[in-house]
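Q: final-v7.cif is reproduced below (mmCIF, C-alpha atoms and all ligand atoms).
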data_upload
loop_
_atom_site.label_atom_id
_atom_site.label_comp_id
_atom_site.auth_asym_id
_atom_site.auth_seq_id
_atom_site.Cartn_x
_atom_site.Cartn_y
_atom_site.Cartn_z
CA MET A 1112 39.88 0.42 33.70
CA ASN A 1113 36.11 -0.03 34.23
CA THR A 1114 35.31 -2.42 37.04
CA GLU A 1115 32.23 -4.53 36.45
CA HIS A 1116 29.30 -3.74 38.76
CA THR A 1117 26.21 -5.66 39.88
CA SER A 1118 23.41 -4.79 42.27
CA CYS A 1119 23.30 -8.36 43.59
CA LEU A 1120 26.19 -10.80 43.78
CA ILE A 1121 25.32 -14.33 44.84
CA ILE A 1122 28.13 -16.53 46.09
CA GLY A 1123 27.49 -20.28 45.96
CA SER A 1124 25.50 -22.66 43.78
CA GLY A 1125 23.56 -24.96 46.13
CA PRO A 1126 19.79 -24.75 46.72
CA ALA A 1127 20.21 -21.49 48.69
CA GLY A 1128 22.27 -19.74 45.98
CA TYR A 1129 20.07 -20.82 43.07
CA THR A 1130 16.81 -20.02 44.86
CA ALA A 1131 18.17 -16.58 45.76
CA ALA A 1132 19.13 -16.19 42.08
CA ILE A 1133 15.65 -17.16 40.84
CA TYR A 1134 13.99 -14.60 43.12
CA ALA A 1135 16.59 -11.86 42.55
CA ALA A 1136 16.45 -12.30 38.77
CA ARG A 1137 12.64 -12.18 38.76
CA ALA A 1138 12.88 -8.97 40.80
CA ASN A 1139 15.04 -7.56 37.99
CA LEU A 1140 18.19 -7.30 40.14
CA GLN A 1141 20.19 -8.91 37.29
CA PRO A 1142 22.20 -11.05 39.67
CA ILE A 1143 25.59 -12.56 38.99
CA LEU A 1144 26.18 -15.91 40.69
CA TYR A 1145 29.62 -17.46 41.24
CA GLU A 1146 29.45 -21.23 41.55
CA GLY A 1147 32.47 -21.78 43.82
CA ILE A 1148 34.65 -24.86 44.04
CA GLU A 1149 31.79 -27.36 44.10
CA PRO A 1150 29.23 -26.33 41.44
CA GLY A 1151 25.77 -27.45 42.54
CA GLY A 1152 26.94 -27.87 46.13
CA GLN A 1153 26.56 -30.84 48.42
CA LEU A 1154 23.47 -32.26 46.73
CA THR A 1155 25.62 -33.20 43.75
CA THR A 1156 27.48 -35.62 46.04
CA THR A 1157 24.39 -37.35 47.33
CA THR A 1158 22.17 -40.07 45.85
CA ARG A 1159 18.46 -39.85 45.36
CA ILE A 1160 16.68 -37.10 47.23
CA GLU A 1161 13.36 -38.34 48.51
CA ASN A 1162 12.32 -35.51 50.79
CA PHE A 1163 12.35 -32.49 48.47
CA PRO A 1164 8.67 -31.58 48.01
CA GLY A 1165 7.28 -31.93 44.51
CA PHE A 1166 9.16 -35.10 43.58
CA PRO A 1167 7.08 -38.00 44.93
CA ALA A 1168 9.34 -40.57 43.25
CA GLY A 1169 12.53 -38.78 44.37
CA ILE A 1170 15.10 -37.04 42.18
CA GLU A 1171 18.87 -37.38 41.72
CA GLY A 1172 20.84 -34.60 43.46
CA ASN A 1173 22.64 -33.63 40.26
CA GLU A 1174 19.40 -33.38 38.31
CA LEU A 1175 17.74 -31.25 40.97
CA MET A 1176 20.66 -28.83 40.98
CA GLU A 1177 20.83 -28.69 37.19
CA ARG A 1178 17.12 -27.83 37.10
CA MET A 1179 17.60 -25.07 39.70
CA LYS A 1180 20.50 -23.66 37.67
CA GLN A 1181 18.41 -23.69 34.46
CA GLN A 1182 15.58 -21.90 36.27
CA ALA A 1183 17.98 -19.23 37.60
CA GLU A 1184 19.46 -18.72 34.11
CA HIS A 1185 16.03 -18.70 32.48
CA PHE A 1186 15.18 -15.54 34.44
CA GLY A 1187 18.47 -13.87 33.54
CA THR A 1188 21.00 -14.82 36.24
CA GLN A 1189 24.56 -14.85 34.96
CA VAL A 1190 26.02 -18.08 36.37
CA ARG A 1191 29.81 -18.12 36.31
CA PHE A 1192 32.68 -20.41 37.31
CA GLY A 1193 34.85 -18.89 39.99
CA THR A 1194 35.38 -18.48 43.71
CA ILE A 1195 35.24 -15.28 45.73
CA THR A 1196 38.62 -14.91 47.40
CA ALA A 1197 38.30 -11.50 49.09
CA VAL A 1198 35.68 -8.87 49.93
CA GLU A 1199 36.34 -5.25 50.86
CA SER A 1200 33.34 -4.75 53.12
CA LYS A 1201 34.06 -1.25 54.45
CA GLN A 1202 33.46 0.52 51.18
CA ARG A 1203 30.25 0.90 49.16
CA PRO A 1204 29.71 -0.69 46.76
CA PHE A 1205 31.50 -3.75 48.13
CA GLN A 1206 34.64 -4.61 46.24
CA VAL A 1207 34.92 -8.30 45.49
CA THR A 1208 37.85 -10.31 44.16
CA VAL A 1209 37.19 -13.45 42.14
CA ASP A 1210 39.88 -16.15 41.92
CA GLY A 1211 42.46 -13.72 43.27
CA ASN A 1212 42.51 -11.51 40.19
CA HIS A 1213 39.12 -10.43 38.74
CA LEU A 1214 37.58 -7.41 40.50
CA LEU A 1215 33.94 -6.44 40.57
CA THR A 1216 31.75 -4.23 42.72
CA ALA A 1217 28.37 -5.13 44.21
CA ASP A 1218 25.65 -3.22 46.09
CA THR A 1219 24.62 -6.38 47.95
CA LEU A 1220 26.04 -9.83 48.58
CA ILE A 1221 24.17 -13.05 49.25
CA ILE A 1222 26.55 -15.59 50.74
CA ALA A 1223 25.40 -19.15 50.14
CA THR A 1224 28.70 -21.00 50.20
CA GLY A 1225 27.47 -23.99 52.19
CA ALA A 1226 29.64 -26.34 54.19
CA THR A 1227 32.39 -28.91 53.50
CA ALA A 1228 32.98 -32.39 54.89
CA LYS A 1229 35.18 -32.79 57.98
CA TYR A 1230 37.92 -35.41 58.27
CA LEU A 1231 39.16 -37.22 61.40
CA GLY A 1232 42.60 -35.63 61.16
CA LEU A 1233 44.65 -38.85 61.28
CA GLU A 1234 47.93 -38.90 59.41
CA SER A 1235 47.05 -42.22 57.78
CA GLU A 1236 43.74 -40.71 56.65
CA SER A 1237 45.48 -37.99 54.64
CA GLN A 1238 48.02 -40.51 53.38
CA PHE A 1239 45.26 -42.59 51.75
CA LYS A 1240 42.96 -39.78 50.60
CA GLY A 1241 41.92 -40.67 47.07
CA MET A 1242 43.46 -44.16 47.56
CA GLY A 1243 40.59 -45.61 49.56
CA VAL A 1244 39.73 -42.74 51.89
CA SER A 1245 36.78 -40.61 50.80
CA ALA A 1246 34.25 -38.19 52.31
CA CYS A 1247 31.62 -38.93 49.71
CA ALA A 1248 30.11 -42.38 49.38
CA THR A 1249 27.90 -41.38 46.50
CA CYS A 1250 30.80 -40.00 44.50
CA ASP A 1251 33.19 -42.88 45.14
CA GLY A 1252 31.08 -45.83 46.34
CA PHE A 1253 30.88 -47.18 42.81
CA PHE A 1254 34.60 -48.07 42.92
CA TYR A 1255 34.00 -50.42 45.87
CA ARG A 1256 31.25 -52.58 44.41
CA ASN A 1257 31.12 -56.03 46.05
CA GLN A 1258 33.96 -55.06 48.38
CA VAL A 1259 34.12 -54.55 52.16
CA VAL A 1260 34.14 -50.92 53.32
CA ALA A 1261 33.78 -48.87 56.51
CA VAL A 1262 31.95 -45.65 57.30
CA VAL A 1263 32.76 -43.52 60.36
CA GLY A 1264 30.09 -41.38 62.05
CA GLY A 1265 26.73 -41.81 63.73
CA GLY A 1266 24.60 -39.00 62.24
CA ASP A 1267 22.14 -39.01 59.35
CA THR A 1268 24.90 -38.58 56.79
CA ALA A 1269 26.87 -41.60 58.03
CA CYS A 1270 23.72 -43.73 58.18
CA GLU A 1271 22.58 -42.63 54.74
CA GLU A 1272 26.01 -43.35 53.25
CA ALA A 1273 26.28 -46.69 55.05
CA THR A 1274 22.91 -47.90 53.77
CA TYR A 1275 23.71 -46.68 50.27
CA LEU A 1276 27.06 -48.52 50.34
CA ALA A 1277 25.36 -51.64 51.72
CA SER A 1278 23.27 -51.73 48.55
CA ILE A 1279 26.37 -52.03 46.35
CA CYS A 1280 29.09 -53.46 48.64
CA LYS A 1281 29.53 -56.90 50.17
CA THR A 1282 29.77 -55.69 53.77
CA VAL A 1283 29.73 -52.27 55.43
CA HIS A 1284 31.20 -51.62 58.90
CA LEU A 1285 29.74 -48.52 60.56
CA ILE A 1286 32.15 -47.16 63.20
CA VAL A 1287 30.33 -45.14 65.87
CA ARG A 1288 32.14 -43.55 68.81
CA LYS A 1289 29.06 -43.37 71.11
CA PRO A 1290 26.93 -46.26 72.38
CA HIS A 1291 24.09 -44.99 70.16
CA LEU A 1292 23.43 -43.36 66.81
CA ARG A 1293 22.64 -39.67 66.57
CA ALA A 1294 20.67 -40.14 63.32
CA SER A 1295 16.86 -39.85 63.06
CA LYS A 1296 14.82 -42.84 64.29
CA ALA A 1297 13.81 -43.79 60.73
CA MET A 1298 17.43 -43.83 59.64
CA GLN A 1299 18.52 -45.82 62.71
CA LYS A 1300 15.87 -48.41 61.92
CA ARG A 1301 17.09 -48.67 58.35
CA VAL A 1302 20.70 -49.14 59.45
CA LEU A 1303 19.92 -51.73 62.10
CA SER A 1304 17.75 -53.77 59.73
CA THR A 1305 20.27 -53.87 56.86
CA PRO A 1306 21.75 -57.38 56.99
CA ASN A 1307 25.19 -56.64 55.49
CA LEU A 1308 25.72 -53.55 57.65
CA GLU A 1309 27.55 -54.17 60.92
CA VAL A 1310 27.58 -51.39 63.53
CA HIS A 1311 30.59 -51.09 65.85
CA PHE A 1312 29.42 -48.93 68.77
CA GLU A 1313 31.82 -47.20 71.18
CA SER A 1314 34.63 -47.64 68.71
CA VAL A 1315 37.27 -45.11 67.75
CA THR A 1316 39.31 -45.18 64.56
CA GLN A 1317 43.01 -45.44 65.39
CA GLU A 1318 44.60 -45.83 62.00
CA ILE A 1319 43.84 -46.51 58.37
CA VAL A 1320 46.20 -49.21 57.20
CA GLY A 1321 47.26 -49.91 53.66
CA ASP A 1322 50.03 -50.36 51.15
CA ALA A 1323 51.00 -49.02 47.74
CA SER A 1324 47.73 -50.34 46.30
CA GLY A 1325 45.66 -48.33 48.78
CA VAL A 1326 43.61 -49.04 51.92
CA THR A 1327 43.61 -52.61 53.21
CA GLY A 1328 42.15 -52.14 56.68
CA VAL A 1329 41.13 -49.92 59.57
CA ARG A 1330 42.29 -50.37 63.16
CA ILE A 1331 39.61 -49.53 65.71
CA ARG A 1332 39.63 -49.51 69.51
CA ASN A 1333 36.53 -50.15 71.61
CA GLU A 1334 35.54 -48.86 75.09
CA GLN A 1335 37.33 -51.78 76.76
CA GLY A 1336 40.55 -50.83 75.02
CA LEU A 1337 40.41 -53.85 72.73
CA GLU A 1338 41.80 -53.26 69.27
CA GLU A 1339 40.77 -54.97 66.07
CA THR A 1340 41.68 -54.45 62.43
CA LEU A 1341 38.80 -54.72 59.99
CA ALA A 1342 39.82 -55.76 56.48
CA ILE A 1343 38.42 -53.11 54.14
CA THR A 1344 39.33 -51.46 50.85
CA GLY A 1345 37.32 -48.24 51.29
CA PHE A 1346 37.03 -45.88 54.26
CA PHE A 1347 34.29 -43.25 54.17
CA VAL A 1348 34.34 -40.31 56.56
CA ALA A 1349 30.89 -38.93 57.44
CA ILE A 1350 31.38 -36.95 60.64
CA GLY A 1351 29.80 -33.64 59.76
CA HIS A 1352 30.72 -30.47 57.97
CA ARG A 1353 32.54 -27.18 58.33
CA PRO A 1354 30.96 -23.98 56.97
CA ASN A 1355 32.77 -22.32 54.05
CA THR A 1356 33.36 -18.92 55.60
CA ALA A 1357 37.13 -18.39 55.24
CA ALA A 1358 36.79 -15.46 52.81
CA PHE A 1359 34.33 -13.68 55.13
CA ALA A 1360 35.70 -14.44 58.59
CA ASP A 1361 37.51 -11.08 58.88
CA PHE A 1362 34.39 -8.96 58.75
CA LEU A 1363 31.33 -11.12 59.43
CA GLU A 1364 30.23 -12.31 62.85
CA LEU A 1365 30.48 -16.08 63.08
CA ASN A 1366 29.31 -18.47 65.80
CA GLU A 1367 31.65 -20.78 67.75
CA GLU A 1368 31.54 -23.38 64.97
CA GLY A 1369 32.28 -20.82 62.26
CA TYR A 1370 28.73 -20.49 60.87
CA ILE A 1371 27.67 -16.97 59.87
CA ARG A 1372 25.44 -15.31 62.46
CA THR A 1373 22.23 -13.86 61.05
CA SER A 1374 19.57 -11.79 62.83
CA PRO A 1375 16.79 -14.00 64.25
CA GLY A 1376 14.19 -14.75 61.60
CA SER A 1377 16.25 -13.04 58.92
CA THR A 1378 19.19 -13.58 56.58
CA ARG A 1379 20.80 -10.24 57.54
CA THR A 1380 24.38 -10.42 58.77
CA ASN A 1381 26.15 -7.84 60.96
CA ILE A 1382 27.00 -5.87 57.79
CA PRO A 1383 24.09 -4.07 56.11
CA GLY A 1384 23.82 -5.23 52.50
CA ILE A 1385 25.36 -8.65 53.16
CA PHE A 1386 22.96 -11.57 53.58
CA ALA A 1387 23.67 -15.23 54.32
CA ALA A 1388 21.52 -18.19 53.29
CA GLY A 1389 21.63 -21.97 53.49
CA ASP A 1390 24.03 -24.23 55.36
CA VAL A 1391 26.66 -21.51 55.79
CA GLN A 1392 24.38 -19.97 58.45
CA ASP A 1393 22.47 -23.06 59.58
CA PRO A 1394 24.29 -25.57 61.78
CA HIS A 1395 21.05 -27.35 62.75
CA VAL A 1396 18.51 -28.23 60.09
CA ARG A 1397 20.77 -28.23 57.02
CA GLN A 1398 18.20 -29.50 54.54
CA ALA A 1399 17.96 -28.65 50.85
CA ILE A 1400 14.44 -27.31 51.31
CA THR A 1401 15.35 -25.05 54.25
CA ALA A 1402 18.42 -23.83 52.35
CA ALA A 1403 16.19 -23.00 49.38
CA GLY A 1404 13.75 -21.21 51.71
CA SER A 1405 16.47 -19.05 53.21
CA GLY A 1406 17.81 -18.29 49.71
CA CYS A 1407 14.36 -16.95 48.83
CA ALA A 1408 14.29 -14.86 52.03
CA ALA A 1409 17.77 -13.48 51.29
CA ALA A 1410 16.73 -12.31 47.82
CA LEU A 1411 13.58 -10.63 49.19
CA GLU A 1412 15.55 -8.91 51.97
CA CYS A 1413 18.17 -7.87 49.46
CA GLU A 1414 15.50 -6.35 47.21
CA ARG A 1415 14.04 -4.38 50.15
CA TYR A 1416 17.51 -3.19 51.13
CA LEU A 1417 18.16 -1.94 47.60
CA LEU A 1418 14.82 -0.09 47.47
CA ASN A 1419 15.77 1.86 50.60
CA LEU A 1420 19.30 2.40 49.35
CA HIS A 1421 18.41 3.96 46.01
P1 LIG A 1501 26.10 -34.67 62.55
O1 LIG A 1501 26.84 -33.56 63.16
O2 LIG A 1501 24.64 -34.82 62.81
O3 LIG A 1501 26.76 -36.04 63.00
C1 LIG A 1501 28.14 -36.22 62.99
C2 LIG A 1501 28.43 -37.61 63.50
O4 LIG A 1501 29.83 -37.82 63.40
C3 LIG A 1501 28.03 -37.81 64.95
O5 LIG A 1501 27.56 -39.12 65.14
C4 LIG A 1501 29.37 -37.59 65.67
O6 LIG A 1501 29.48 -38.32 66.84
C5 LIG A 1501 30.33 -38.16 64.66
N1 LIG A 1501 31.67 -37.60 64.81
C6 LIG A 1501 32.04 -36.29 64.83
N2 LIG A 1501 33.38 -36.18 64.96
C7 LIG A 1501 33.84 -37.43 65.04
C8 LIG A 1501 35.13 -37.98 65.20
N3 LIG A 1501 36.21 -37.19 65.27
N4 LIG A 1501 35.25 -39.32 65.26
C9 LIG A 1501 34.16 -40.12 65.16
N5 LIG A 1501 32.92 -39.69 65.00
C10 LIG A 1501 32.76 -38.34 64.95
O7 LIG A 1501 26.44 -34.57 61.00
P2 LIG A 1501 25.66 -35.16 59.75
O8 LIG A 1501 26.49 -34.75 58.59
O9 LIG A 1501 25.35 -36.58 59.89
O10 LIG A 1501 24.29 -34.36 59.72
C11 LIG A 1501 24.26 -32.95 59.76
C12 LIG A 1501 22.83 -32.46 59.73
O11 LIG A 1501 22.24 -32.77 58.47
C13 LIG A 1501 21.95 -33.12 60.80
O12 LIG A 1501 21.05 -32.19 61.28
C14 LIG A 1501 21.24 -34.21 60.02
O13 LIG A 1501 20.01 -34.56 60.60
C15 LIG A 1501 21.07 -33.56 58.66
N6 LIG A 1501 20.97 -34.56 57.58
C16 LIG A 1501 19.73 -34.94 57.17
C17 LIG A 1501 19.56 -35.86 56.16
C18 LIG A 1501 18.18 -36.18 55.72
O14 LIG A 1501 17.22 -35.80 56.38
N7 LIG A 1501 17.99 -36.90 54.61
C19 LIG A 1501 20.71 -36.51 55.49
C20 LIG A 1501 21.98 -36.08 56.03
C21 LIG A 1501 22.09 -35.15 57.03
P3 LIG A 1501 28.70 -37.93 68.20
O15 LIG A 1501 27.29 -38.34 68.00
O16 LIG A 1501 29.45 -38.73 69.19
O17 LIG A 1501 28.89 -36.45 68.36
#
Represent the supplied structure as C-alpha cells.
Ligand code: NDP
A:
Amino acid sequence: MNTEHTSCLIIGSGPAGYTAAIYAARANLQPILYEGIEPGGQLTTTTRIENFPGFPAGIEGNELMERMKQQAEHFGTQVRFGTITAVESKQRPFQVTVDGNHLLTADTLIIATGATAKYLGLESESQFKGMGVSACATCDGFFYRNQVVAVVGGGDTACEEATYLASICKTVHLIVRKPHLRASKAMQKRVLSTPNLEVHFESVTQEIVGDASGVTGVRIRNEQGLEETLAITGFFVAIGHRPNTAAFADFLELNEEGYIRTSPGSTRTNIPGIFAAGDVQDPHVRQAITAAGSGCAAALECERYLLNLH
C-alpha cells in the first residue's frame, strides 16, 4: 500500500495554521492542512474582531477565518477535515496518523493546534454542560436573550464575554475571585461602566444549581464566607485555556502549563523539522495577529529547513 506523502503538514486551522498554509503554498511546498476538532479555531467562537489590522470597521470571527481558508486554498493548500491522533517522530519522514486510521508521511510538521477553554471542575458544572453551562458566550449567548446570566473569570475573555452578554441579556453577574480584574484597563473600564453588568469581587463559585429544565442559579461565597445564590439561567466559564498538545506531549518539550517550547525568536521545537505556531506555543499574548505572524515564521523556517534537507 502506498502511503501518502507531503513535504509540509500543517495541523490546525486558526490564524496560525492558515497563515502558515498561505506562505507554505506560495513557496510551492504543496501543504496539506488538517482542520482539527474546531475548524477555524477560537476566532469562530468570538464576536466581532476589532483589533485585526486592515478591518477598520471590525470583522466577524467566522468571516475572517473563512477568508483565511479561501486564501490558503487559492494558493493550493489541501484543507481537510480530520485530527492528528499520533506522530512517529523518531523516523524520517515523520509518520502521522489521522483520526486513528489514515496514515501519511511528512518531511515537516507545523503544529498550530491552539488552545481550548478550561472549566472550573465542579461536578454540578459538568452536570449542566449544554443545559445552561457554556464556555462560549458568543456561541450560546443568543439562547439567553433578555435573561439573567453569570460569567466567571476576571481576564480579557471574561470581560469581553460579559459585555457582549450584557448587550443581549437582562442582567449579567461577573464572578471574580480576586479583588480586582486582570483584564486590560480599557476592558475594565467597559465592564465597570456597563449598567446591567454587576461585578462580584472576591467571590468563588461553589455550585451551579438547577433542575431538569437546566440551570436556575449559582451559589457563590465571598471573602467573608457569606454565601448567596444568584438566580440565573446561563453560566459562562471564561477562566482561560489549555493548549492542545496531547498528541505531541510524548516527544515535544512543553512548559509547565503544557505549551510547546520553541527556541527564542523562532518557531523551532526540540525536534528538527517540527515547528509550532500560534496559541499552542504562546501562553502570553495569544492574539489572532501574533498567531498569524508566528504561522508565517513557521512556514519560512520550514522552507529553509527543507532547502537544507534536500
Ligand atoms: P487569563 O488567563 O488572562 O484570565 C483568566 C481569568 O480567570 C483570571 O481572572 C483568573 O483569575 C480566572 N480564573 C482562573 N481559574 C479560575 C478558577 N478556577 N476560578 C475562578 N476564576 C479563575 O485568560 P483569558 O482567557 O481571559 O485571556 C488569555 C489571554 O488572551 C490574555 O493575555 C488576554 O489579554 C488575551 N485576550 C485578549 C483579548 C483582546 O485583546 N481582545 C480578548 C481575550 C483574551 P486570577 O486573576 O485570580 O488568576
Q: Kindly provide, as JSON, numbers by chain, all nucleotide and amino acid residues lying within 8 Å of ligand LIG 1501 (chain A), counting only C-alpha atoms and all ligand atoms.
A: {"A": [1160, 1161, 1162, 1228, 1229, 1230, 1231, 1232, 1263, 1264, 1265, 1266, 1267, 1268, 1269, 1270, 1271, 1286, 1287, 1288, 1289, 1291, 1292, 1293, 1294, 1295, 1315, 1316, 1349, 1350, 1351, 1352, 1394, 1395, 1396, 1397, 1398]}
Q: I'd like to know which of A:Leu1215, A:Val1320, A:Leu1417, A:Ala1388 is closest to Glu1199 in chain A, using only C-alpha atoms.
A: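 When distances to Glu1199 in chain A are compared using only C-alpha atoms, the smallest one comes from A:Leu1215.
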Q: Find the residue from A:Ser1245, A:Thr1188, A:Asn1257, A:Asn1307 that sits nearest to Gly1345 in chain A; use only C-alpha atoms when measuring.
A: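 When distances to Gly1345 in chain A are compared using only C-alpha atoms, the smallest one comes from A:Ser1245.
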Q: Could you tell me how far CA of Ile1143 in chain A sits from CA of Gly1384 in chain A, in Å to one decimal place?
A: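 Going from CA of Gly1384 in chain A over to CA of Ile1143 in chain A covers 15.5 Å.
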Q: Give me, please, the distance in Å between CA of Lys1240 in chain A and CA of Ser1314 in chain A, quoted to one decimal.
A: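 So the two atoms, CA of Lys1240 in chain A and CA of Ser1314 in chain A, lie 21.4 Å apart.
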Q: Compile the contact shell of Asp1322 in chain A as a VMD selection string: residues with an atom at most 12 Å away, counting all atoms listed in the file, same-chain residues fewer than 5 positions apart removed.
A: chain A and resid 1235 1238 to 1239 1242 to 1243 1327 to 1328 1344
Q: Quick one, how far is CA of Gln1202 in chain A from CA of Ala1387 in chain A?
A: 18.8 Å
Q: Determine the nearest neighbour of Asp1390 in chain A from the options A:Val1209, A:Ala1357, A:Gln1335, A:Thr1224, counting all atoms listed in the file.
A: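 Of A:Val1209, A:Ala1357, A:Gln1335, A:Thr1224, the one nearest Asp1390 in chain A is A:Thr1224, counting all atoms listed in the file.
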Q: Using all atoms listed in the file, which residue out of A:Thr1208, A:Ser1237, A:Asn1173, A:Ser1377 lies closest to Phe1346 in chain A?
A: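 Counting all atoms listed in the file, the residue closest to Phe1346 in chain A is A:Ser1237.
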Q: Give me the residues within 8 Å of Ala1410 in chain A as a list in words, counting only C-alpha atoms and dropping any in the same chain fewer than 2 places off.
A: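 Non-adjacent residues within range: Ala1131, Ala1132, Tyr1134, Ala1135, Ile1221, Gly1406, Cys1407, Ala1408, Glu1412, Cys1413 and Glu1414 of chain A.
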Q: Which is closest to Phe1359 in chain A among A:Ala1277, A:Ile1195, A:Ala1403, A:Ser1118, if we use all atoms listed in the file?
A: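 Of A:Ala1277, A:Ile1195, A:Ala1403, A:Ser1118, the one nearest Phe1359 in chain A is A:Ile1195, counting all atoms listed in the file.
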Q: Could you check which of A:Lys1281, A:Ala1248, A:Gly1336, A:Pro1204 is closest to Thr1305 in chain A, using all atoms listed in the file?
A: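 Using all atoms listed in the file, Thr1305 in chain A sits closest to A:Lys1281.
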Q: May I have the protein, DNA and RNA residues with any atom at most 12 Å from the point (20.6, 4.0, 50.1), counting only C-alpha atoms, written as a ChimeraX atom specification?
A: /A:1203-1204,1218-1219,1383-1384,1414-1421
Q: Using the file's own x, y and z axes, so that the box edges lie along x, y and z, what centre and edge lengths in Å (one decimal) does a box around every listed atom of range 1147-1152 of chain A get when 5 Å is added on each side? Give it as lines of an AutoDock Vina configuration file.
A:
center_x = 30.2
center_y = -24.8
center_z = 43.8
size_x = 18.9
size_y = 16.1
size_z = 14.7
Q: Leaving out Ile1122 in chain A and any residue of its chain fewer than 4 positions from it, which residues lie within 8 Å of it when counting all atoms listed in the file, given as a list of chain:residue names?
A: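 Residues meeting the cut-off are A:Gly1128, A:Leu1144, A:Tyr1145, A:Glu1146, A:Gly1147, A:Thr1194, A:Ile1195, A:Leu1220, A:Ile1221, A:Ile1222, A:Ala1223, A:Thr1224.
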Q: In the coordinates of the file, take the point (16.4, -35.7, 42.1) and a cut-off of 8 Å; then, counting all atoms listed in the file, name each qualifying protein, DNA or RNA residue as a short mmCIF file (atom, residue, chain, number, x, y, z; two decimals) with C-alpha atoms, in the coordinates of the input.
A:
data_model
loop_
_atom_site.label_atom_id
_atom_site.label_comp_id
_atom_site.auth_asym_id
_atom_site.auth_seq_id
_atom_site.Cartn_x
_atom_site.Cartn_y
_atom_site.Cartn_z
CA ARG A 1159 18.46 -39.85 45.36
CA ILE A 1160 16.68 -37.10 47.23
CA GLU A 1161 13.36 -38.34 48.51
CA PHE A 1166 9.16 -35.10 43.58
CA GLY A 1169 12.53 -38.78 44.37
CA ILE A 1170 15.10 -37.04 42.18
CA GLU A 1171 18.87 -37.38 41.72
CA GLY A 1172 20.84 -34.60 43.46
CA ASN A 1173 22.64 -33.63 40.26
CA GLU A 1174 19.40 -33.38 38.31
CA LEU A 1175 17.74 -31.25 40.97
#
Q: Within 7 Å of Val1198 in chain A, counting all atoms listed in the file, which residues qualify if same-chain residues fewer than 4 places away don't, as a list in words?
A: Phe1205, Gln1206, Val1207 and Thr1208 of chain A
